[in-house]
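What follows is work23.txt (compact mmCIF, C-alpha atoms).
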```txt
# COMPACT_ATOMS: atom_id res chain seq x y z
CA MET W 706 6.65 -12.92 18.35
CA PRO W 707 6.44 -9.78 20.51
CA ILE W 708 2.83 -8.80 21.07
CA PRO W 709 2.07 -5.03 21.07
CA LEU W 710 0.00 -4.72 24.23
CA ASP W 711 -1.30 -1.22 23.55
CA GLU W 712 -3.17 -2.09 20.33
CA PRO W 713 -7.01 -1.95 20.51
CA ARG W 714 -8.91 -5.15 19.97
CA ILE W 715 -10.60 -5.57 16.63
CA ASP W 716 -14.31 -5.03 16.00
CA ARG W 717 -15.88 -8.48 15.70
CA SER W 718 -18.13 -7.28 12.85
CA LEU W 719 -15.03 -6.79 10.70
CA LEU W 720 -13.13 -9.91 11.65
CA ARG W 721 -12.01 -11.23 8.31
CA ASP W 722 -10.83 -8.04 6.68
CA GLY W 723 -9.84 -6.46 9.99
CA VAL W 724 -7.43 -9.22 10.97
CA TYR W 725 -5.91 -9.22 7.49
CA VAL W 726 -5.43 -5.44 7.46
CA ARG W 727 -3.94 -5.39 10.97
CA LEU W 728 -1.40 -8.09 10.13
CA ARG W 729 -0.66 -6.64 6.70
CA ASP W 730 0.03 -3.20 8.17
CA ALA W 731 2.22 -4.65 10.92
CA ILE W 732 4.35 -6.37 8.27
CA VAL W 733 4.46 -3.37 5.92
CA GLU W 734 5.39 -0.99 8.75
CA GLY W 735 8.03 -3.36 10.08
CA SER W 736 6.48 -4.19 13.46
CA LEU W 737 6.58 -7.79 12.31
CA THR W 738 10.03 -8.26 10.82
CA PRO W 739 11.32 -10.56 8.04
CA GLY W 740 11.87 -14.08 9.33
CA GLU W 741 9.61 -13.60 12.35
CA GLN W 742 7.45 -16.60 13.16
CA LEU W 743 3.69 -16.01 13.20
CA ARG W 744 1.75 -18.23 15.59
CA ASP W 745 -1.98 -18.12 15.02
CA LEU W 746 -2.79 -18.64 18.71
CA GLU W 747 -0.66 -15.67 19.77
CA ILE W 748 -2.13 -13.46 17.05
CA ALA W 749 -5.66 -14.51 17.98
CA ASP W 750 -4.99 -13.58 21.60
CA TRP W 751 -3.46 -10.24 20.56
CA LEU W 752 -6.48 -9.28 18.45
CA GLY W 753 -9.12 -10.87 20.65
CA VAL W 754 -10.46 -13.15 17.92
CA SER W 755 -10.67 -16.87 17.22
CA ARG W 756 -7.95 -18.66 15.29
CA THR W 757 -10.13 -19.09 12.18
CA PRO W 758 -9.95 -15.47 10.87
CA VAL W 759 -6.25 -15.43 11.73
CA ARG W 760 -5.62 -18.51 9.61
CA GLU W 761 -7.66 -16.99 6.77
CA ALA W 762 -5.64 -13.77 7.02
CA LEU W 763 -2.36 -15.66 6.93
CA LEU W 764 -3.49 -17.49 3.79
CA ARG W 765 -4.30 -14.16 2.12
CA LEU W 766 -0.95 -12.74 3.20
CA GLY W 767 0.70 -15.78 1.69
CA GLU W 768 -0.96 -14.97 -1.65
CA THR W 769 0.56 -11.47 -1.57
CA GLY W 770 3.99 -12.86 -0.71
CA LEU W 771 4.20 -11.08 2.64
CA VAL W 772 4.33 -14.35 4.58
CA ILE W 773 5.60 -17.82 3.80
CA ALA W 774 3.76 -20.89 5.07
CA ARG W 775 6.08 -23.86 5.42
CA PRO W 776 4.02 -27.09 5.49
CA GLY W 777 4.46 -28.99 8.72
CA ARG W 778 6.65 -26.28 10.18
CA SER W 779 5.66 -22.65 10.65
CA THR W 780 4.46 -19.46 9.02
CA VAL W 781 6.98 -16.64 8.90
CA VAL W 782 7.19 -13.08 7.59
CA SER W 783 8.91 -13.25 4.23
CA GLN W 784 12.22 -11.65 3.44
CA ILE W 785 12.38 -8.71 1.05
CA ASP W 786 12.79 -10.17 -2.43
CA VAL W 787 14.06 -7.69 -5.02
CA ARG W 788 12.50 -9.52 -7.94
CA ALA W 789 9.11 -9.77 -6.22
CA VAL W 790 9.19 -6.07 -5.34
CA ARG W 791 10.13 -5.13 -8.90
CA GLU W 792 7.34 -7.27 -10.33
CA ALA W 793 4.84 -5.79 -7.87
CA ARG W 794 6.00 -2.27 -8.72
CA ASP W 795 5.46 -2.90 -12.43
CA VAL W 796 1.94 -4.19 -11.85
CA VAL W 797 1.07 -1.32 -9.51
CA ALA W 798 2.37 1.24 -12.03
CA ALA W 799 0.25 -0.29 -14.79
CA MET W 800 -2.87 -0.31 -12.63
CA HIS W 801 -2.47 3.36 -11.68
CA GLU W 802 -2.00 4.23 -15.33
CA LEU W 803 -5.28 2.48 -16.16
CA ALA W 804 -7.09 4.10 -13.23
CA VAL W 805 -6.00 7.61 -14.20
CA ARG W 806 -6.89 6.99 -17.82
CA ALA W 807 -10.40 6.02 -16.72
CA ALA W 808 -10.78 8.81 -14.17
CA VAL W 809 -9.55 11.98 -15.88
CA ALA W 810 -12.83 12.81 -17.59
CA THR W 811 -14.85 12.60 -14.38
CA LEU W 812 -12.48 14.08 -11.76
CA THR W 813 -14.16 17.05 -10.09
CA THR W 814 -12.69 20.27 -8.80
CA ARG W 815 -13.07 18.86 -5.30
CA ASP W 816 -11.15 15.72 -6.31
CA LEU W 817 -8.30 17.83 -7.69
CA ASP W 818 -8.26 20.00 -4.55
CA ARG W 819 -8.01 16.86 -2.42
CA MET W 820 -5.09 15.65 -4.53
CA ARG W 821 -3.32 19.00 -4.07
CA ALA W 822 -3.90 18.88 -0.31
CA ALA W 823 -2.51 15.36 -0.15
CA ASN W 824 0.57 16.45 -2.08
CA ASP W 825 1.07 19.35 0.34
CA ARG W 826 1.02 16.86 3.22
CA PHE W 827 3.41 14.65 1.26
CA ARG W 828 5.92 17.50 0.92
CA GLN W 829 5.59 18.47 4.57
CA ALA W 830 6.13 14.88 5.71
CA LEU W 831 9.23 14.53 3.55
CA ALA W 832 10.60 17.78 4.92
CA ALA W 833 10.05 16.45 8.43
CA GLY W 834 11.67 13.11 7.59
CA ASP W 835 8.44 11.24 8.32
CA VAL W 836 8.48 8.49 5.70
CA THR W 837 5.35 6.78 7.05
CA ALA W 838 3.29 9.98 6.83
CA ALA W 839 4.70 10.74 3.38
CA LEU W 840 3.68 7.35 2.02
CA SER W 841 0.26 7.68 3.64
CA ALA W 842 -0.27 11.01 1.87
CA ASP W 843 1.02 9.48 -1.36
CA ASP W 844 -1.47 6.63 -1.08
CA GLU W 845 -4.27 9.14 -0.43
CA LEU W 846 -3.38 11.19 -3.50
CA HIS W 847 -3.19 8.24 -5.87
CA GLY W 848 -6.24 6.67 -4.29
CA ILE W 849 -8.49 9.47 -5.53
CA PRO W 850 -8.27 8.59 -9.25
CA VAL W 851 -8.55 4.92 -8.33
CA SER W 852 -11.76 5.62 -6.43
CA VAL W 853 -13.16 7.79 -9.23
CA ALA W 854 -12.31 5.13 -11.85
CA ASP W 855 -14.49 2.73 -9.82
CA ASN W 856 -12.96 -0.39 -11.33
CA THR W 857 -13.12 -3.26 -8.86
CA ALA W 858 -10.49 -5.30 -10.71
CA ILE W 859 -7.95 -2.46 -10.55
CA ALA W 860 -8.71 -1.90 -6.87
CA ALA W 861 -8.29 -5.61 -6.10
CA VAL W 862 -4.93 -5.86 -7.87
CA LEU W 863 -3.65 -2.73 -6.13
CA ALA W 864 -4.79 -4.04 -2.74
CA GLN W 865 -2.75 -7.19 -3.34
CA PHE W 866 0.48 -5.72 -4.68
CA THR W 867 0.84 -2.20 -3.25
CA PRO W 868 1.76 -3.48 0.25
CA VAL W 869 4.71 -5.39 -1.24
CA VAL W 870 6.09 -2.16 -2.71
CA ARG W 871 5.37 -0.06 0.37
CA ARG W 872 6.99 -2.59 2.67
CA ALA W 873 10.24 -2.43 0.75
CA GLU W 874 10.22 1.36 0.88
CA LEU W 875 9.53 1.55 4.59
CA LEU W 876 12.00 -1.13 5.64
CA ARG W 877 14.74 0.58 3.69
CA PHE W 878 13.60 4.06 4.72
CA ALA W 879 13.42 4.79 1.00
CA THR W 880 11.32 7.38 -0.82
CA THR W 881 11.49 9.05 -4.16
CA GLY W 882 11.36 12.37 -2.31
CA GLY W 883 10.98 15.69 -4.03
CA ASP W 884 10.83 14.15 -7.50
CA SER W 885 7.58 12.43 -6.58
CA ALA W 886 6.06 15.71 -5.37
CA VAL W 887 6.93 17.31 -8.71
CA LEU W 888 5.42 14.36 -10.57
CA HIS W 889 2.30 14.71 -8.43
CA ASP W 890 2.04 18.36 -9.49
CA GLN W 891 2.31 17.31 -13.12
CA LEU W 892 -0.32 14.62 -12.65
CA ILE W 893 -2.78 17.08 -11.11
CA THR W 894 -2.15 19.67 -13.84
CA HIS W 895 -2.69 17.15 -16.64
CA CYS W 896 -5.87 15.90 -14.95
CA GLN W 897 -7.15 19.45 -14.61
CA ASP W 898 -6.38 20.11 -18.28
CA GLY W 899 -8.17 16.92 -19.31
CA ASP W 900 -5.01 15.53 -20.94
CA THR W 901 -5.68 11.85 -20.39
CA ASP W 902 -2.59 10.48 -22.14
CA ALA W 903 -0.17 12.80 -20.33
CA ALA W 904 -1.81 12.18 -16.94
CA ALA W 905 -1.76 8.40 -17.42
CA GLN W 906 1.90 8.49 -18.42
CA VAL W 907 2.87 10.52 -15.34
CA ALA W 908 0.91 8.13 -13.10
CA PHE W 909 2.82 5.20 -14.58
CA ASP W 910 6.19 6.96 -14.34
CA THR W 911 5.61 8.00 -10.72
CA TRP W 912 5.24 4.39 -9.59
CA HIS W 913 7.61 2.81 -12.07
CA SER W 914 10.45 5.09 -10.94
CA LEU W 915 10.40 3.67 -7.41
CA GLU W 916 13.71 2.14 -6.41
CA THR W 917 13.65 -1.64 -5.96
CA ASP W 918 17.33 -2.47 -5.39
```

As C-alpha cells, the full file:
Amino acid sequence: MPIPLDEPRIDRSLLRDGVYVRLRDAIVEGSLTPGEQLRDLEIADWLGVSRTPVREALLRLGETGLVIARPGRSTVVSQIDVRAVREARDVVAAMHELAVRAAVATLTTRDLDRMRAANDRFRQALAAGDVTAALSADDELHGIPVSVADNTAIAAVLAQFTPVVRRAELLRFATTGGDSAVLHDQLITHCQDGDTDAAAQVAFDTWHSLETD
C-alpha cells in the first residue's frame, strides 16, 4: 500500500482509538481504496506504533465491514456493497431519530445556533463543490442532538455504521445537496418549537433519503 509520508505520527497515549480512527478515515476518504491490501507492519511503521494496536484496529474495522480479513491470506479494504450501505443507512437513520427524540426538550439556544452555523457551512461547502467539507459540517450538525441525548448505545451504533454510509457517499462523490440543507432548516425549526415528533421524523428522513445505489 502507498504510505502517506506527510502524516503526523500518532500520540502514543491514544494508540488504540487513534490507530482505528486514522485507518477508518483513510478508508472513508478513499486514501485506502477498495481491494487494497493492508499489511500491519507497513501500517505500524507509517503510524509509528507497534503491530498490536494495528491488528486490534483491523479487527474493529472488520466488524464495521470496512475491511475483510481473509484467513491465511491477507486483509484488504472491502468493496462498496450496496446492500451493506443500505442496511447501515437504515440503522443510522433510526439512531438519529431516537437521538433527536431524546434531545429536543433539552437543546439550548446555543445548541440551535451551533446547528444553524453548521448548516451554513454545509451550504457553503456544497456551493464550492467541497463534498468532504460538506459531510464534515453535516456530521457536526447531526452530532449536536446526539451529544445532547447522551445515550452511549446510540453513539456506539452510529460510530460503527456511519462510516459505511459516508464512505459510499465520498467514493461516489455523492451528496443529497440542497435538499439536505432544507431538511436541516426544518429540523432546527422543529427543535426550536419543541415539536419532538416532527423533529424526529425529519432527522430520520434526512438520513433515510441518502442514495445507496

Restricting to only C-alpha atoms, whichever of W:Arg828, W:His801, W:His895, W:Arg721 is closest to Glu761 of chain W is W:Arg721

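Of note, atom CA of Asp884 of chain W and atom CA of Ile849 of chain W are spaced 20.0 Å apart.
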
Quick one: residues within 6 Å of Pro739 of chain W, only C-alpha atoms counted, chain neighbours fewer than 3 positions away excluded, as a ChimeraX atom specification? /W:782-784

Selected residues written out with C-alpha atoms, as a PDB file, in the coordinates of the input:
```
ATOM      1  CA  VAL W 782       7.190 -13.080   7.590  1.00  0.00           C
ATOM      2  CA  SER W 783       8.910 -13.250   4.230  1.00  0.00           C
ATOM      3  CA  GLN W 784      12.220 -11.650   3.440  1.00  0.00           C
TER       4      GLN W 784
END
```

Excluding Asp795 of chain W and its own-chain neighbours fewer than 2 positions away, which residues fall within 10 Å of it when counting only C-alpha atoms? Please give them as a PyMOL selection string. chain W and resi 789-793+797-800+866+870+909+912-915

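For the pair atom CA of Phe827 of chain W and atom CA of Thr911 of chain W, the separation is 13.9 Å.
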
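Among W:Ala731, W:Leu888, W:Val724, W:Val805, the residue with the shortest atom-to-atom distance to Gly753 of chain W, counting all atoms listed in the file, is W:Val724.
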
Counting only C-alpha atoms, what is within 12 Å of Leu803 of chain W, bar same-chain residues fewer than 4 positions away, as an MDAnalysis selection string? chainID W and resid 796:799 807:809 847 850:851 853:856 858:860 862:863 901:902 904:909

Coordinates-based distance that separates atom CA of Asp835 of chain W from atom CA of Val726 of chain W (Å, one decimal): 21.7 Å

Once 6 Å is added on each side, what are the centre and the three edge lengths, in Å to one decimal, of the axis-aligned box enclosing the listed atoms of segment 823-830 of chain W? Present them as AutoDock Vina command-line options.
```
--center_x 1.8 --center_y 17.0 --center_z 1.8 --size_x 20.6 --size_y 16.7 --size_z 19.8
```

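Distances from W:Asp730, W:Glu874, W:Asp843, W:Glu741 to Ile773 of chain W were compared using all atoms listed in the file, and the smallest one belongs to W:Glu741.
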
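Residues in contact range of segment 742-744 of chain W, defined as at most 9 Å between only C-alpha atoms, with sequence neighbours fewer than 3 positions away removed, read Met706, Leu737, Pro739, Glu747, Ile748, Ala749, Leu763, Val772, Ser779, Thr780, Val781 and Val782 of chain W.
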
Excluding Gly735 of chain W and residues on its chain fewer than 2 positions from it, collect all residues at most 8 Å away from it, counting all atoms listed in the file, and give them as an mmCIF file with C-alpha atoms, keeping the file's coordinate frame.
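The new file out.cif reads:
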```
data_model
loop_
_atom_site.group_PDB
_atom_site.id
_atom_site.type_symbol
_atom_site.label_atom_id
_atom_site.label_comp_id
_atom_site.auth_asym_id
_atom_site.auth_seq_id
_atom_site.Cartn_x
_atom_site.Cartn_y
_atom_site.Cartn_z
ATOM 1 C CA ALA W 731 2.220 -4.650 10.920
ATOM 2 C CA ILE W 732 4.350 -6.370 8.270
ATOM 3 C CA VAL W 733 4.460 -3.370 5.920
ATOM 4 C CA LEU W 737 6.580 -7.790 12.310
ATOM 5 C CA THR W 738 10.030 -8.260 10.820
ATOM 6 C CA ARG W 872 6.990 -2.590 2.670
ATOM 7 C CA LEU W 875 9.530 1.550 4.590
ATOM 8 C CA LEU W 876 12.000 -1.130 5.640
#
```

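In terms of minimum interatomic distance to Gln897 of chain W, W:Thr814 ranks closest within W:Gln865, W:Ser736, W:Thr757, W:Thr814, counting all atoms listed in the file.
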